[in-house]
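**Q** mmCIF, N, CA and C atoms, saved as entry21.cif, coming up:
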```cif
data_target
#
loop_
_atom_site.label_atom_id
_atom_site.label_comp_id
_atom_site.auth_asym_id
_atom_site.auth_seq_id
_atom_site.Cartn_x
_atom_site.Cartn_y
_atom_site.Cartn_z
N MET F 22 -28.62 41.42 -50.40
CA MET F 22 -29.29 40.45 -49.57
C MET F 22 -28.79 40.53 -48.12
N LYS F 23 -27.45 40.63 -47.95
CA LYS F 23 -26.89 40.74 -46.61
C LYS F 23 -27.40 41.99 -45.91
N GLU F 24 -27.53 43.08 -46.67
CA GLU F 24 -28.01 44.33 -46.10
C GLU F 24 -29.44 44.16 -45.60
N SER F 25 -30.25 43.43 -46.35
CA SER F 25 -31.64 43.20 -45.96
C SER F 25 -31.72 42.39 -44.67
N ILE F 26 -30.85 41.39 -44.54
CA ILE F 26 -30.82 40.57 -43.33
C ILE F 26 -30.35 41.40 -42.15
N ALA F 27 -29.32 42.21 -42.34
CA ALA F 27 -28.82 43.08 -41.27
C ALA F 27 -29.90 44.07 -40.84
N PHE F 28 -30.61 44.62 -41.83
CA PHE F 28 -31.70 45.56 -41.53
C PHE F 28 -32.77 44.85 -40.70
N GLN F 29 -33.16 43.66 -41.12
CA GLN F 29 -34.18 42.89 -40.41
C GLN F 29 -33.75 42.59 -38.98
N GLN F 30 -32.52 42.18 -38.81
CA GLN F 30 -32.02 41.87 -37.47
C GLN F 30 -32.02 43.09 -36.57
N ARG F 31 -31.63 44.23 -37.11
CA ARG F 31 -31.62 45.47 -36.32
C ARG F 31 -33.03 45.87 -35.93
N VAL F 32 -33.96 45.75 -36.87
CA VAL F 32 -35.35 46.12 -36.58
C VAL F 32 -35.91 45.20 -35.49
N GLU F 33 -35.64 43.91 -35.61
CA GLU F 33 -36.13 42.96 -34.61
C GLU F 33 -35.51 43.24 -33.24
N ARG F 34 -34.22 43.53 -33.20
CA ARG F 34 -33.56 43.85 -31.92
C ARG F 34 -34.11 45.15 -31.35
N LEU F 35 -34.32 46.13 -32.21
CA LEU F 35 -34.89 47.41 -31.76
C LEU F 35 -36.29 47.19 -31.21
N ASP F 36 -37.09 46.40 -31.89
CA ASP F 36 -38.45 46.13 -31.43
C ASP F 36 -38.43 45.46 -30.06
N ARG F 37 -37.56 44.49 -29.88
CA ARG F 37 -37.45 43.81 -28.58
C ARG F 37 -37.01 44.79 -27.48
N ALA F 38 -36.05 45.65 -27.80
CA ALA F 38 -35.56 46.63 -26.81
C ALA F 38 -36.67 47.61 -26.43
N LEU F 39 -37.43 48.06 -27.43
CA LEU F 39 -38.53 48.99 -27.13
C LEU F 39 -39.61 48.32 -26.29
N LEU F 40 -39.97 47.09 -26.64
CA LEU F 40 -40.98 46.37 -25.86
C LEU F 40 -40.52 46.13 -24.43
N SER F 41 -39.24 45.79 -24.28
CA SER F 41 -38.69 45.59 -22.95
C SER F 41 -38.69 46.90 -22.15
N SER F 42 -38.33 47.97 -22.81
CA SER F 42 -38.32 49.28 -22.16
C SER F 42 -39.73 49.65 -21.70
N ILE F 43 -40.69 49.47 -22.57
CA ILE F 43 -42.08 49.78 -22.24
C ILE F 43 -42.54 48.94 -21.04
N GLU F 44 -42.22 47.65 -21.08
CA GLU F 44 -42.61 46.75 -19.99
C GLU F 44 -42.00 47.20 -18.67
N GLN F 45 -40.72 47.58 -18.70
CA GLN F 45 -40.06 48.02 -17.48
C GLN F 45 -40.66 49.32 -16.94
N PHE F 46 -40.92 50.26 -17.84
CA PHE F 46 -41.55 51.51 -17.41
C PHE F 46 -42.92 51.25 -16.80
N ARG F 47 -43.72 50.42 -17.45
CA ARG F 47 -45.07 50.12 -16.96
C ARG F 47 -45.04 49.39 -15.61
N SER F 48 -43.94 48.66 -15.36
CA SER F 48 -43.79 47.94 -14.09
C SER F 48 -43.20 48.81 -12.98
N GLY F 49 -42.84 50.05 -13.33
CA GLY F 49 -42.27 50.94 -12.34
C GLY F 49 -40.76 50.88 -12.24
N ASN F 50 -40.12 50.13 -13.11
CA ASN F 50 -38.66 50.02 -13.12
C ASN F 50 -38.09 51.06 -14.08
N ASP F 51 -38.19 52.31 -13.69
CA ASP F 51 -37.82 53.41 -14.59
C ASP F 51 -36.37 53.37 -15.03
N HIS F 52 -35.46 53.05 -14.10
CA HIS F 52 -34.04 53.04 -14.47
C HIS F 52 -33.75 51.97 -15.51
N LEU F 53 -34.32 50.79 -15.31
CA LEU F 53 -34.11 49.71 -16.26
C LEU F 53 -34.79 50.02 -17.60
N GLY F 54 -35.98 50.60 -17.54
CA GLY F 54 -36.68 51.00 -18.76
C GLY F 54 -35.88 52.01 -19.56
N LEU F 55 -35.31 52.99 -18.87
CA LEU F 55 -34.50 54.00 -19.54
C LEU F 55 -33.23 53.37 -20.11
N ASP F 56 -32.64 52.46 -19.37
CA ASP F 56 -31.44 51.78 -19.84
C ASP F 56 -31.73 51.01 -21.14
N HIS F 57 -32.83 50.30 -21.18
CA HIS F 57 -33.20 49.55 -22.39
C HIS F 57 -33.47 50.51 -23.55
N PHE F 58 -34.12 51.61 -23.27
CA PHE F 58 -34.39 52.59 -24.33
C PHE F 58 -33.09 53.17 -24.86
N LEU F 59 -32.18 53.54 -23.97
CA LEU F 59 -30.92 54.13 -24.40
C LEU F 59 -30.10 53.16 -25.26
N HIS F 60 -30.21 51.87 -24.97
CA HIS F 60 -29.52 50.87 -25.80
C HIS F 60 -30.14 50.81 -27.20
N SER F 61 -31.40 51.13 -27.31
CA SER F 61 -32.07 51.07 -28.62
C SER F 61 -31.67 52.24 -29.52
N ILE F 62 -31.10 53.28 -28.95
CA ILE F 62 -30.72 54.47 -29.73
C ILE F 62 -29.71 54.10 -30.82
N ASP F 63 -28.78 53.21 -30.53
CA ASP F 63 -27.79 52.79 -31.54
C ASP F 63 -28.48 52.18 -32.75
N ASP F 64 -29.48 51.34 -32.50
CA ASP F 64 -30.20 50.72 -33.60
C ASP F 64 -31.02 51.74 -34.38
N ILE F 65 -31.61 52.68 -33.69
CA ILE F 65 -32.37 53.74 -34.37
C ILE F 65 -31.43 54.53 -35.27
N GLU F 66 -30.26 54.86 -34.75
CA GLU F 66 -29.28 55.62 -35.54
C GLU F 66 -28.84 54.83 -36.77
N MET F 67 -28.53 53.55 -36.60
CA MET F 67 -28.08 52.73 -37.73
C MET F 67 -29.19 52.60 -38.78
N LEU F 68 -30.42 52.36 -38.34
CA LEU F 68 -31.53 52.21 -39.29
C LEU F 68 -31.79 53.52 -40.02
N THR F 69 -31.64 54.62 -39.33
CA THR F 69 -31.83 55.93 -39.95
C THR F 69 -30.77 56.16 -41.02
N GLU F 70 -29.53 55.87 -40.70
CA GLU F 70 -28.45 56.02 -41.68
C GLU F 70 -28.66 55.10 -42.87
N PHE F 71 -29.05 53.88 -42.60
CA PHE F 71 -29.30 52.91 -43.67
C PHE F 71 -30.40 53.42 -44.59
N HIS F 72 -31.45 53.95 -43.99
CA HIS F 72 -32.57 54.47 -44.77
C HIS F 72 -32.17 55.67 -45.61
N GLN F 73 -31.35 56.54 -45.07
CA GLN F 73 -30.92 57.73 -45.80
C GLN F 73 -30.20 57.38 -47.10
N TYR F 74 -29.44 56.31 -47.07
CA TYR F 74 -28.65 55.93 -48.24
C TYR F 74 -29.33 54.90 -49.13
N SER F 75 -30.54 54.49 -48.75
CA SER F 75 -31.22 53.45 -49.51
C SER F 75 -31.95 53.97 -50.74
N GLY F 76 -32.18 55.28 -50.79
CA GLY F 76 -32.92 55.85 -51.90
C GLY F 76 -34.42 55.76 -51.72
N GLU F 77 -34.86 55.27 -50.58
CA GLU F 77 -36.29 55.16 -50.30
C GLU F 77 -36.83 56.54 -49.91
N PRO F 78 -38.14 56.73 -50.06
CA PRO F 78 -38.74 58.03 -49.70
C PRO F 78 -38.43 58.42 -48.25
N GLN F 79 -38.34 59.70 -48.01
CA GLN F 79 -37.98 60.23 -46.69
C GLN F 79 -39.16 60.28 -45.72
N GLU F 80 -40.31 59.84 -46.14
CA GLU F 80 -41.52 59.93 -45.32
C GLU F 80 -41.32 59.35 -43.92
N HIS F 81 -40.73 58.17 -43.85
CA HIS F 81 -40.54 57.53 -42.54
C HIS F 81 -39.54 58.31 -41.68
N LEU F 82 -38.51 58.83 -42.30
CA LEU F 82 -37.54 59.62 -41.53
C LEU F 82 -38.19 60.87 -40.97
N ASP F 83 -39.03 61.51 -41.74
CA ASP F 83 -39.73 62.70 -41.27
C ASP F 83 -40.61 62.37 -40.06
N LYS F 84 -41.33 61.26 -40.14
CA LYS F 84 -42.17 60.83 -39.01
C LYS F 84 -41.30 60.49 -37.80
N LEU F 85 -40.19 59.81 -38.06
CA LEU F 85 -39.30 59.42 -36.97
C LEU F 85 -38.74 60.64 -36.24
N VAL F 86 -38.33 61.63 -37.00
CA VAL F 86 -37.78 62.85 -36.39
C VAL F 86 -38.82 63.52 -35.49
N LYS F 87 -40.06 63.57 -35.94
CA LYS F 87 -41.12 64.17 -35.12
C LYS F 87 -41.32 63.41 -33.81
N VAL F 88 -41.32 62.09 -33.90
CA VAL F 88 -41.49 61.28 -32.69
C VAL F 88 -40.28 61.44 -31.77
N LEU F 89 -39.09 61.44 -32.34
CA LEU F 89 -37.89 61.60 -31.51
C LEU F 89 -37.84 62.98 -30.85
N ASP F 90 -38.33 64.00 -31.53
CA ASP F 90 -38.43 65.33 -30.90
C ASP F 90 -39.35 65.29 -29.69
N LYS F 91 -40.47 64.61 -29.83
CA LYS F 91 -41.42 64.49 -28.70
C LYS F 91 -40.79 63.68 -27.56
N ILE F 92 -40.07 62.63 -27.92
CA ILE F 92 -39.40 61.82 -26.90
C ILE F 92 -38.37 62.66 -26.15
N TYR F 93 -37.63 63.47 -26.88
CA TYR F 93 -36.65 64.36 -26.25
C TYR F 93 -37.33 65.28 -25.24
N GLU F 94 -38.47 65.82 -25.62
CA GLU F 94 -39.20 66.72 -24.71
C GLU F 94 -39.64 65.99 -23.44
N THR F 95 -40.13 64.76 -23.60
CA THR F 95 -40.56 64.01 -22.41
C THR F 95 -39.37 63.67 -21.52
N LEU F 96 -38.23 63.35 -22.13
CA LEU F 96 -37.03 63.08 -21.33
C LEU F 96 -36.59 64.33 -20.58
N LYS F 97 -36.61 65.45 -21.29
CA LYS F 97 -36.19 66.71 -20.69
C LYS F 97 -37.10 67.07 -19.51
N ASN F 98 -38.39 66.76 -19.64
CA ASN F 98 -39.36 67.07 -18.59
C ASN F 98 -39.51 65.96 -17.56
N LYS F 99 -38.72 64.89 -17.71
CA LYS F 99 -38.77 63.73 -16.80
C LYS F 99 -40.18 63.15 -16.72
N ASP F 100 -40.86 63.11 -17.87
CA ASP F 100 -42.22 62.60 -17.98
C ASP F 100 -42.18 61.14 -18.41
N VAL F 101 -42.07 60.24 -17.44
CA VAL F 101 -41.94 58.82 -17.72
C VAL F 101 -43.19 58.26 -18.39
N ILE F 102 -44.35 58.68 -17.95
CA ILE F 102 -45.60 58.20 -18.54
C ILE F 102 -45.71 58.65 -20.00
N GLY F 103 -45.39 59.91 -20.25
CA GLY F 103 -45.41 60.42 -21.62
C GLY F 103 -44.40 59.70 -22.51
N LEU F 104 -43.21 59.44 -21.97
CA LEU F 104 -42.18 58.71 -22.70
C LEU F 104 -42.67 57.31 -23.03
N THR F 105 -43.22 56.63 -22.05
CA THR F 105 -43.71 55.27 -22.26
C THR F 105 -44.80 55.23 -23.32
N ASP F 106 -45.72 56.17 -23.24
CA ASP F 106 -46.79 56.24 -24.24
C ASP F 106 -46.23 56.47 -25.65
N LEU F 107 -45.25 57.37 -25.76
CA LEU F 107 -44.64 57.62 -27.06
C LEU F 107 -43.93 56.38 -27.60
N LEU F 108 -43.22 55.68 -26.73
CA LEU F 108 -42.54 54.46 -27.16
C LEU F 108 -43.55 53.40 -27.63
N GLU F 109 -44.60 53.25 -26.85
CA GLU F 109 -45.57 52.19 -27.13
C GLU F 109 -46.50 52.51 -28.30
N PHE F 110 -46.97 53.75 -28.35
CA PHE F 110 -48.02 54.08 -29.32
C PHE F 110 -47.53 54.85 -30.54
N LYS F 111 -46.31 55.33 -30.52
CA LYS F 111 -45.78 56.08 -31.67
C LYS F 111 -44.53 55.43 -32.26
N LEU F 112 -43.48 55.28 -31.44
CA LEU F 112 -42.21 54.81 -31.98
C LEU F 112 -42.26 53.34 -32.40
N SER F 113 -42.74 52.47 -31.53
CA SER F 113 -42.78 51.05 -31.86
C SER F 113 -43.64 50.77 -33.10
N PRO F 114 -44.85 51.33 -33.20
CA PRO F 114 -45.63 51.11 -34.42
C PRO F 114 -44.96 51.69 -35.67
N LEU F 115 -44.30 52.83 -35.52
CA LEU F 115 -43.61 53.44 -36.65
C LEU F 115 -42.47 52.55 -37.14
N ILE F 116 -41.71 52.00 -36.23
CA ILE F 116 -40.61 51.10 -36.60
C ILE F 116 -41.17 49.86 -37.29
N ASN F 117 -42.25 49.30 -36.75
CA ASN F 117 -42.84 48.12 -37.37
C ASN F 117 -43.41 48.43 -38.76
N GLU F 118 -44.05 49.57 -38.90
CA GLU F 118 -44.58 49.99 -40.20
C GLU F 118 -43.44 50.18 -41.19
N TRP F 119 -42.39 50.78 -40.74
CA TRP F 119 -41.22 51.03 -41.57
C TRP F 119 -40.67 49.71 -42.10
N TYR F 120 -40.56 48.73 -41.21
CA TYR F 120 -40.03 47.42 -41.58
C TYR F 120 -40.97 46.72 -42.56
N GLU F 121 -42.26 46.76 -42.28
CA GLU F 121 -43.23 46.08 -43.13
C GLU F 121 -43.24 46.67 -44.54
N LYS F 122 -43.20 48.01 -44.63
CA LYS F 122 -43.18 48.64 -45.95
C LYS F 122 -41.91 48.32 -46.70
N ARG F 123 -40.81 48.29 -45.98
CA ARG F 123 -39.53 47.97 -46.63
C ARG F 123 -39.52 46.53 -47.09
N ASP F 124 -40.14 45.65 -46.31
CA ASP F 124 -40.20 44.23 -46.64
C ASP F 124 -41.03 43.99 -47.90
N ASP F 125 -42.00 44.89 -48.16
CA ASP F 125 -42.85 44.77 -49.35
C ASP F 125 -42.13 45.17 -50.62
N LEU F 126 -41.02 45.92 -50.50
CA LEU F 126 -40.31 46.41 -51.69
C LEU F 126 -39.62 45.29 -52.44
#
```
Would you kindly transcribe this structure into C-alpha cells?
**A**
Amino acid sequence: MKESIAFQQRVERLDRALLSSIEQFRSGNDHLGLDHFLHSIDDIEMLTEFHQYSGEPQEHLDKLVKVLDKIYETLKNKDVIGLTDLLEFKLSPLINEWYEKRDDL
C-alpha cells in the first residue's frame, strides 16, 4: 500500500513538473523550462526502477525508452520546440497512461 502511495505521489509530481516545463517553454522561458524538465528526470528514473521490479509488463518501459531517445535527440540538437512537443504530446500522456493502467490493477 505504501508503495502504491509513493508511486502515485511521484507520478503526480512528475506530471506537475512536466506541465510546468511545457508552460515555461511555450512562454519562451527556455532556461526555466529546461530546469523543470531536468528536475523531473529523478522521478522518471525512480518510476522506471519501480516498474522494472514490479513484475508488470515491459510495454510501458519500451515506449518510455523510445520517447526518451527522441528527447535526447532534441536536446542534442537544441530543438526547444521539438522538445516541448515531445514533452506535451508524448511523455506526459505516456506517464498518465502508465499511472491509469497501474491504478486499474
**Q** Set the distance at 8 Å and use all atoms listed in the file: which residues neighbour region 99-111 of chain F once local chain neighbours fewer than 6 positions away are removed? I'd like the list as a CSV table (one decimal) with N, CA and C atoms, in the frame of the given file.
**A**
```
chain,number,residue,atom,x,y,z
F,39,LEU,N,-37.4,48.1,-27.4
F,39,LEU,CA,-38.5,49.0,-27.1
F,39,LEU,C,-39.6,48.3,-26.3
F,40,LEU,N,-40.0,47.1,-26.6
F,40,LEU,CA,-41.0,46.4,-25.9
F,40,LEU,C,-40.5,46.1,-24.4
F,42,SER,N,-38.3,48.0,-22.8
F,42,SER,CA,-38.3,49.3,-22.2
F,42,SER,C,-39.7,49.6,-21.7
F,43,ILE,N,-40.7,49.5,-22.6
F,43,ILE,CA,-42.1,49.8,-22.2
F,43,ILE,C,-42.5,48.9,-21.0
F,44,GLU,N,-42.2,47.6,-21.1
F,44,GLU,CA,-42.6,46.8,-20.0
F,44,GLU,C,-42.0,47.2,-18.7
F,46,PHE,N,-40.9,50.3,-17.8
F,46,PHE,CA,-41.6,51.5,-17.4
F,46,PHE,C,-42.9,51.2,-16.8
F,47,ARG,N,-43.7,50.4,-17.4
F,47,ARG,CA,-45.1,50.1,-17.0
F,47,ARG,C,-45.0,49.4,-15.6
F,51,ASP,N,-38.2,52.3,-13.7
F,51,ASP,CA,-37.8,53.4,-14.6
F,51,ASP,C,-36.4,53.4,-15.0
F,88,VAL,N,-41.3,62.1,-33.9
F,88,VAL,CA,-41.5,61.3,-32.7
F,88,VAL,C,-40.3,61.4,-31.8
F,91,LYS,N,-40.5,64.6,-29.8
F,91,LYS,CA,-41.4,64.5,-28.7
F,91,LYS,C,-40.8,63.7,-27.6
F,92,ILE,N,-40.1,62.6,-27.9
F,92,ILE,CA,-39.4,61.8,-26.9
F,92,ILE,C,-38.4,62.7,-26.2
F,93,TYR,N,-37.6,63.5,-26.9
F,93,TYR,CA,-36.6,64.4,-26.2
F,93,TYR,C,-37.3,65.3,-25.2
F,117,ASN,N,-42.2,49.3,-36.8
F,117,ASN,CA,-42.8,48.1,-37.4
F,117,ASN,C,-43.4,48.4,-38.8
```
**Q** Go ahead and compute the interatomic distance for atom C of Lys87 (chain F) and atom C of Phe58 (chain F), in Å to one decimal.
**A**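 Interatomic distance here is 15.9 Å.
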**Q** Let me know the centre plus edge lengths, in Å and rounded to one decimal, of a box with edges along x, y and z that contains all listed atoms of region 29-35 of chain F and is padded by 3 Å on every side, as JSON.
**A**
```
{"center_x": -34.0, "center_y": 44.6, "center_z": -36.2, "size_x": 10.7, "size_y": 11.5, "size_z": 15.9}
```
**Q** Quick one: pull the distance between atom C of Gly49 (chain F) and CA of Leu85 (chain F), Å, one decimal.
**A**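 Those two atoms sit 26.2 Å apart.
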**Q** Once the PyMOL selection byres (((chain F and resi 29 and name CA) around 12) and name CA) has been applied to the shown file, what residues remain in the selection, as a PDB file with N, CA and C atoms, in the frame of the given file?
**A**
```pdb
ATOM      1  N   MET F  22     -28.620  41.420 -50.400  1.00  0.00           N
ATOM      2  CA  MET F  22     -29.290  40.450 -49.570  1.00  0.00           C
ATOM      3  C   MET F  22     -28.790  40.530 -48.120  1.00  0.00           C
ATOM      4  N   LYS F  23     -27.450  40.630 -47.950  1.00  0.00           N
ATOM      5  CA  LYS F  23     -26.890  40.740 -46.610  1.00  0.00           C
ATOM      6  C   LYS F  23     -27.400  41.990 -45.910  1.00  0.00           C
ATOM      7  N   GLU F  24     -27.530  43.080 -46.670  1.00  0.00           N
ATOM      8  CA  GLU F  24     -28.010  44.330 -46.100  1.00  0.00           C
ATOM      9  C   GLU F  24     -29.440  44.160 -45.600  1.00  0.00           C
ATOM     10  N   SER F  25     -30.250  43.430 -46.350  1.00  0.00           N
ATOM     11  CA  SER F  25     -31.640  43.200 -45.960  1.00  0.00           C
ATOM     12  C   SER F  25     -31.720  42.390 -44.670  1.00  0.00           C
ATOM     13  N   ILE F  26     -30.850  41.390 -44.540  1.00  0.00           N
ATOM     14  CA  ILE F  26     -30.820  40.570 -43.330  1.00  0.00           C
ATOM     15  C   ILE F  26     -30.350  41.400 -42.150  1.00  0.00           C
ATOM     16  N   ALA F  27     -29.320  42.210 -42.340  1.00  0.00           N
ATOM     17  CA  ALA F  27     -28.820  43.080 -41.270  1.00  0.00           C
ATOM     18  C   ALA F  27     -29.900  44.070 -40.840  1.00  0.00           C
ATOM     19  N   PHE F  28     -30.610  44.620 -41.830  1.00  0.00           N
ATOM     20  CA  PHE F  28     -31.700  45.560 -41.530  1.00  0.00           C
ATOM     21  C   PHE F  28     -32.770  44.850 -40.700  1.00  0.00           C
ATOM     22  N   GLN F  30     -32.520  42.180 -38.810  1.00  0.00           N
ATOM     23  CA  GLN F  30     -32.020  41.870 -37.470  1.00  0.00           C
ATOM     24  C   GLN F  30     -32.020  43.090 -36.570  1.00  0.00           C
ATOM     25  N   ARG F  31     -31.630  44.230 -37.110  1.00  0.00           N
ATOM     26  CA  ARG F  31     -31.620  45.470 -36.320  1.00  0.00           C
ATOM     27  C   ARG F  31     -33.030  45.870 -35.930  1.00  0.00           C
ATOM     28  N   VAL F  32     -33.960  45.750 -36.870  1.00  0.00           N
ATOM     29  CA  VAL F  32     -35.350  46.120 -36.580  1.00  0.00           C
ATOM     30  C   VAL F  32     -35.910  45.200 -35.490  1.00  0.00           C
ATOM     31  N   GLU F  33     -35.640  43.910 -35.610  1.00  0.00           N
ATOM     32  CA  GLU F  33     -36.130  42.960 -34.610  1.00  0.00           C
ATOM     33  C   GLU F  33     -35.510  43.240 -33.240  1.00  0.00           C
ATOM     34  N   ARG F  34     -34.220  43.530 -33.200  1.00  0.00           N
ATOM     35  CA  ARG F  34     -33.560  43.850 -31.920  1.00  0.00           C
ATOM     36  C   ARG F  34     -34.110  45.150 -31.350  1.00  0.00           C
ATOM     37  N   LEU F  35     -34.320  46.130 -32.210  1.00  0.00           N
ATOM     38  CA  LEU F  35     -34.890  47.410 -31.760  1.00  0.00           C
ATOM     39  C   LEU F  35     -36.290  47.190 -31.210  1.00  0.00           C
ATOM     40  N   ASP F  36     -37.090  46.400 -31.890  1.00  0.00           N
ATOM     41  CA  ASP F  36     -38.450  46.130 -31.430  1.00  0.00           C
ATOM     42  C   ASP F  36     -38.430  45.460 -30.060  1.00  0.00           C
ATOM     43  N   ASP F  64     -29.480  51.340 -32.500  1.00  0.00           N
ATOM     44  CA  ASP F  64     -30.200  50.720 -33.600  1.00  0.00           C
ATOM     45  C   ASP F  64     -31.020  51.740 -34.380  1.00  0.00           C
ATOM     46  N   MET F  67     -28.530  53.550 -36.600  1.00  0.00           N
ATOM     47  CA  MET F  67     -28.080  52.730 -37.730  1.00  0.00           C
ATOM     48  C   MET F  67     -29.190  52.600 -38.780  1.00  0.00           C
ATOM     49  N   LEU F  68     -30.420  52.360 -38.340  1.00  0.00           N
ATOM     50  CA  LEU F  68     -31.530  52.210 -39.290  1.00  0.00           C
ATOM     51  C   LEU F  68     -31.790  53.520 -40.020  1.00  0.00           C
ATOM     52  N   PHE F  71     -29.050  53.880 -42.600  1.00  0.00           N
ATOM     53  CA  PHE F  71     -29.300  52.910 -43.670  1.00  0.00           C
ATOM     54  C   PHE F  71     -30.400  53.420 -44.590  1.00  0.00           C
ATOM     55  N   ILE F 116     -41.710  52.000 -36.230  1.00  0.00           N
ATOM     56  CA  ILE F 116     -40.610  51.100 -36.600  1.00  0.00           C
ATOM     57  C   ILE F 116     -41.170  49.860 -37.290  1.00  0.00           C
ATOM     58  N   ASN F 117     -42.250  49.300 -36.750  1.00  0.00           N
ATOM     59  CA  ASN F 117     -42.840  48.120 -37.370  1.00  0.00           C
ATOM     60  C   ASN F 117     -43.410  48.430 -38.760  1.00  0.00           C
ATOM     61  N   TRP F 119     -42.390  50.780 -40.740  1.00  0.00           N
ATOM     62  CA  TRP F 119     -41.220  51.030 -41.570  1.00  0.00           C
ATOM     63  C   TRP F 119     -40.670  49.710 -42.100  1.00  0.00           C
ATOM     64  N   TYR F 120     -40.560  48.730 -41.210  1.00  0.00           N
ATOM     65  CA  TYR F 120     -40.030  47.420 -41.580  1.00  0.00           C
ATOM     66  C   TYR F 120     -40.970  46.720 -42.560  1.00  0.00           C
ATOM     67  N   GLU F 121     -42.260  46.760 -42.280  1.00  0.00           N
ATOM     68  CA  GLU F 121     -43.230  46.080 -43.130  1.00  0.00           C
ATOM     69  C   GLU F 121     -43.240  46.670 -44.540  1.00  0.00           C
ATOM     70  N   ARG F 123     -40.810  48.290 -45.980  1.00  0.00           N
ATOM     71  CA  ARG F 123     -39.530  47.970 -46.630  1.00  0.00           C
ATOM     72  C   ARG F 123     -39.520  46.530 -47.090  1.00  0.00           C
ATOM     73  N   ASP F 124     -40.140  45.650 -46.310  1.00  0.00           N
ATOM     74  CA  ASP F 124     -40.200  44.230 -46.640  1.00  0.00           C
ATOM     75  C   ASP F 124     -41.030  43.990 -47.900  1.00  0.00           C
TER      76      ASP F 124
END
```
**Q** Rounded to one decimal, what separation in Å do you get between atom C of Asn50 (chain F) and atom C of Pro114 (chain F)?
**A**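 Here the two named atoms are 22.7 Å from each other.
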**Q** Residues near Ser41 (chain F), anyone? I mean within 8 Å using only C-alpha atoms, not counting same-chain ones fewer than 3 positions away, as JSON, numbers by chain.
**A** {"F": [37, 38, 44, 45, 54, 57]}
**Q** When DSSP is applied to the backbone of this structure, which of region 64-100 of chain F are assigned alpha helix (DSSP H)? Write them out as a ChimeraX atom specification.
**A** /F:64-75,80-97
**Q** Counting only C-alpha atoms, figure out which residue out of F:Gln73, F:Leu112, F:Lys97, F:Asp83 gets nearest to Ser61 (chain F).
**A**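 The answer is F:Leu112, which sits nearest to Ser61 (chain F).
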